[in-house]
Every structure is written in structure tokens, then in C-alpha cells.
>>> print(open('final-v4.pdb').read())   # PDB, C-alpha atoms
MODEL        1
ATOM      1  CA  MET A1452     -19.173   6.218   1.901  1.00  0.00           C
ATOM      2  CA  GLU A1453     -18.088   2.600   1.462  1.00  0.00           C
ATOM      3  CA  TYR A1454     -15.664   1.169  -1.071  1.00  0.00           C
ATOM      4  CA  LYS A1455     -14.855  -2.481  -1.768  1.00  0.00           C
ATOM      5  CA  ILE A1456     -11.336  -3.627  -2.575  1.00  0.00           C
ATOM      6  CA  SER A1457     -10.720  -7.152  -3.824  1.00  0.00           C
ATOM      7  CA  LYS A1458      -8.718  -9.435  -1.549  1.00  0.00           C
ATOM      8  CA  THR A1459      -7.400 -11.289  -4.591  1.00  0.00           C
ATOM      9  CA  ILE A1460      -5.714  -8.155  -5.965  1.00  0.00           C
ATOM     10  CA  PHE A1461      -4.581  -6.169  -2.912  1.00  0.00           C
ATOM     11  CA  ASN A1462      -2.796  -7.188   0.289  1.00  0.00           C
ATOM     12  CA  LYS A1463      -4.150  -5.827   3.542  1.00  0.00           C
ATOM     13  CA  GLU A1464      -0.708  -4.387   4.354  1.00  0.00           C
ATOM     14  CA  VAL A1465      -0.822  -2.322   1.154  1.00  0.00           C
ATOM     15  CA  ILE A1466      -4.264  -0.988   2.046  1.00  0.00           C
ATOM     16  CA  LEU A1467      -3.011  -0.069   5.512  1.00  0.00           C
ATOM     17  CA  LYS A1468      -0.023   1.802   4.045  1.00  0.00           C
ATOM     18  CA  VAL A1469      -2.211   3.873   1.735  1.00  0.00           C
ATOM     19  CA  THR A1470      -4.884   4.580   4.355  1.00  0.00           C
ATOM     20  CA  TYR A1471      -2.130   5.777   6.684  1.00  0.00           C
ATOM     21  CA  LEU A1472      -1.147   8.379   4.097  1.00  0.00           C
ATOM     22  CA  TRP A1473      -4.755   9.612   3.907  1.00  0.00           C
ATOM     23  CA  GLN A1474      -5.446   9.710   7.651  1.00  0.00           C
ATOM     24  CA  GLU A1475      -4.925  13.455   7.995  1.00  0.00           C
ATOM     25  CA  ASP A1476      -8.077  14.241   6.002  1.00  0.00           C
ATOM     26  CA  PHE A1477     -10.156  11.073   6.417  1.00  0.00           C
ATOM     27  CA  ASN A1478     -11.211   8.486   8.970  1.00  0.00           C
ATOM     28  CA  ILE A1479     -10.945   5.183   7.133  1.00  0.00           C
ATOM     29  CA  ASN A1480     -12.174   2.018   8.807  1.00  0.00           C
ATOM     30  CA  ILE A1481     -11.363  -1.332   7.237  1.00  0.00           C
ATOM     31  CA  SER A1482     -13.602  -4.364   7.570  1.00  0.00           C
ATOM     32  CA  GLU A1483     -13.905  -7.530   5.496  1.00  0.00           C
ATOM     33  CA  ASP A1484     -16.468  -9.660   3.787  1.00  0.00           C
ATOM     34  CA  GLU A1485     -15.775 -12.970   2.100  1.00  0.00           C
ATOM     35  CA  ASN A1486     -14.099 -11.538  -1.025  1.00  0.00           C
ATOM     36  CA  ASN A1487     -13.328  -7.900  -0.266  1.00  0.00           C
ATOM     37  CA  TYR A1488     -11.914  -5.412   2.153  1.00  0.00           C
ATOM     38  CA  VAL A1489     -14.582  -2.814   2.851  1.00  0.00           C
ATOM     39  CA  LEU A1490     -13.432   0.733   3.492  1.00  0.00           C
ATOM     40  CA  SER A1491     -15.773   3.114   5.285  1.00  0.00           C
ATOM     41  CA  VAL A1492     -14.586   6.651   4.627  1.00  0.00           C
ATOM     42  CA  VAL A1493     -15.603   9.783   6.536  1.00  0.00           C
ATOM     43  CA  SER A1494     -14.023  13.157   5.862  1.00  0.00           C
ATOM     44  CA  LYS A1495     -12.445  14.973   8.805  1.00  0.00           C
ATOM     45  CA  THR A1496     -12.078  18.259   6.940  1.00  0.00           C
ATOM     46  CA  GLY A1497     -15.010  18.359   4.538  1.00  0.00           C
ATOM     47  CA  THR A1498     -12.690  17.364   1.701  1.00  0.00           C
ATOM     48  CA  ASP A1499     -14.226  15.077  -0.921  1.00  0.00           C
ATOM     49  CA  PHE A1500     -12.685  11.613  -1.061  1.00  0.00           C
ATOM     50  CA  ASN A1501     -11.029  11.087  -4.439  1.00  0.00           C
ATOM     51  CA  TRP A1502     -11.498   7.363  -5.100  1.00  0.00           C
ATOM     52  CA  ASP A1503      -9.571   7.490  -8.382  1.00  0.00           C
ATOM     53  CA  LYS A1504      -6.495   8.952  -6.689  1.00  0.00           C
ATOM     54  CA  PHE A1505      -6.781   6.556  -3.746  1.00  0.00           C
ATOM     55  CA  ASN A1506      -7.135   3.593  -6.105  1.00  0.00           C
ATOM     56  CA  SER A1507      -4.141   4.770  -8.128  1.00  0.00           C
ATOM     57  CA  GLU A1508      -2.042   4.922  -4.958  1.00  0.00           C
ATOM     58  CA  LEU A1509      -3.244   1.433  -4.002  1.00  0.00           C
ATOM     59  CA  GLN A1510      -2.181   0.065  -7.382  1.00  0.00           C
ATOM     60  CA  GLU A1511       1.216   1.767  -7.196  1.00  0.00           C
ATOM     61  CA  GLN A1512       1.867   0.482  -3.683  1.00  0.00           C
ATOM     62  CA  GLN A1513       0.772  -3.054  -4.607  1.00  0.00           C
ATOM     63  CA  LEU A1514       3.091  -3.015  -7.624  1.00  0.00           C
ATOM     64  CA  LYS A1515       6.002  -1.960  -5.407  1.00  0.00           C
ATOM     65  CA  GLU A1516       5.150  -4.760  -2.983  1.00  0.00           C
ATOM     66  CA  ASN A1517       4.947  -7.332  -5.792  1.00  0.00           C
ATOM     67  CA  LEU A1518       8.267  -6.219  -7.287  1.00  0.00           C
ATOM     68  CA  ASN A1519       9.952  -6.275  -3.895  1.00  0.00           C
ATOM     69  CA  ASN A1520       8.692  -9.796  -3.260  1.00  0.00           C
ATOM     70  CA  GLN A1521       9.838 -10.922  -6.698  1.00  0.00           C
ATOM     71  CA  PHE A1522      13.198  -9.158  -6.972  1.00  0.00           C
ATOM     72  CA  GLY A1523      14.147  -8.118  -3.427  1.00  0.00           C
ATOM     73  CA  THR A1524      16.805 -10.800  -3.028  1.00  0.00           C
ATOM     74  CA  ILE A1525      18.402  -9.832  -6.345  1.00  0.00           C
ATOM     75  CA  ARG A1526      18.476  -6.172  -5.285  1.00  0.00           C
ATOM     76  CA  ASP A1527      20.070  -7.126  -1.968  1.00  0.00           C
ATOM     77  CA  ALA A1528      22.714  -9.218  -3.730  1.00  0.00           C
ATOM     78  CA  ILE A1529      23.560  -6.325  -6.085  1.00  0.00           C
ATOM     79  CA  TYR A1530      23.910  -3.915  -3.142  1.00  0.00           C
ATOM     80  CA  GLU A1531      26.069  -6.405  -1.283  1.00  0.00           C
ATOM     81  CA  LYS A1532      28.381  -6.855  -4.276  1.00  0.00           C
ATOM     82  CA  ALA A1533      28.495  -3.143  -5.136  1.00  0.00           C
ATOM     83  CA  PHE A1534      29.400  -2.033  -1.620  1.00  0.00           C
ATOM     84  CA  SER A1535      31.478  -5.015  -0.497  1.00  0.00           C
ATOM     85  CA  HIS A1536      34.752  -3.157  -1.005  1.00  0.00           C
ATOM     86  CA  PHE A1537      33.631  -0.524   1.555  1.00  0.00           C
ATOM     87  CA  LYS A1538      33.266  -3.076   4.338  1.00  0.00           C
ATOM     88  CA  LYS A1539      35.908  -3.087   7.035  1.00  0.00           C
ATOM     89  CA  GLN A1540      37.984  -6.199   7.058  1.00  0.00           C
TER      90      GLN A1540
ENDMDL
END
>>> encode(input="final-v4.pdb", output="C-alpha cells")
Amino acid sequence: MEYKISKTIFNKEVILKVTYLWQEDFNINISEDENNYVLSVVSKTGTDFNWDKFNSELQEQQLKENLNNQFGTIRDAIYEKAFSHFKKQ
């Protein structure tokens, strides 16, 4: 079965992260056309591929990536300040 994922919405790294999590049950090959990543999915175990669950995991992972890109430096600064008194001097 083939599924198309928009390049404008999802990063390839995010798709790779999610496909890695599904590799136990499925062989997932990723190719590209002009506007989409194309996933070819073949079950290893006879398990049906749940596109809705896969898509939900893609969206969650992309959101995490977006938030990290947007607020990662703020998070790092908070950690640095919070734990600065534990550093050896």
C-alpha cells in the first residue's frame, strides 16, 4: 500500500523517526515526488497498517520538532539557570 505525506507539512527526519518505531511490524520504504514523500508499506507479520495511528504519531512528532525548534534555546537557558548552582566551581 502507498501513502503520500506532504513535504510542506512534515520533515523527512520526523517521518524517519516514526517509521523507525514501526519497523518491527512493517517494511516502510520512503521515496519522493515533487510535493510528497511516498511511503510504500508492506506488513512483515500480517498486521494491518493503521494509517490513522501512524498519521497521529507523525503529527505528534512534528509538533515536538516544531516546538523544539521554536523554544529549544529558552528551555536550555532555563535548565542552565536552574542547575547553575550545582556546577563545580
>>> resolve_selection(input="final-v4.pdb", expression="the PyMOL selection byres ((chain A and resi 1510-1524) around 8)", output="PyMOL selection string")
chain A and resi 1461-1462+1465+1469+1506-1509+1525-1528
>>> atom_distance(input="final-v4.pdb", atom1="atom CA of A:Gly1497", atom2="atom CA of A:Asp1484")
28.1 Å
>>> atom_distance(input="final-v4.pdb", atom1="atom CA of A:Ile1460", atom2="atom CA of A:Asn1487")
9.5 Å
>>> residues_around(input="final-v4.pdb", residues="A:Ile1481", least_positions_apart="6", cutoff="10 Å", atoms="only C-alpha atoms", output="PyMOL selection string")
chain A and resi 1453-1455+1463+1466-1467+1470+1488-1492
>>> atom_distance(input="final-v4.pdb", atom1="atom CA of A:Val1493", atom2="atom CA of A:Asn1478")
5.2 Å
>>> resolve_selection(input="final-v4.pdb", expression="the PyMOL selection byres ((chain A and resi 1498) around 12)", output="number ranges by chain")
A: 1473, 1475-1478, 1492-1497, 1499-1501
>>> closest_residue(input="final-v4.pdb", among="A:Tyr1530, A:His1536, A:Asp1503, A:Glu1485", to="A:Ser1457", atoms="all atoms listed in the file")
A:Glu1485
>>> closest_residue(input="final-v4.pdb", among="A:Ser1535, A:Lys1468, A:Ser1482, A:Ile1529", to="A:Phe1505", atoms="only C-alpha atoms")
A:Lys1468
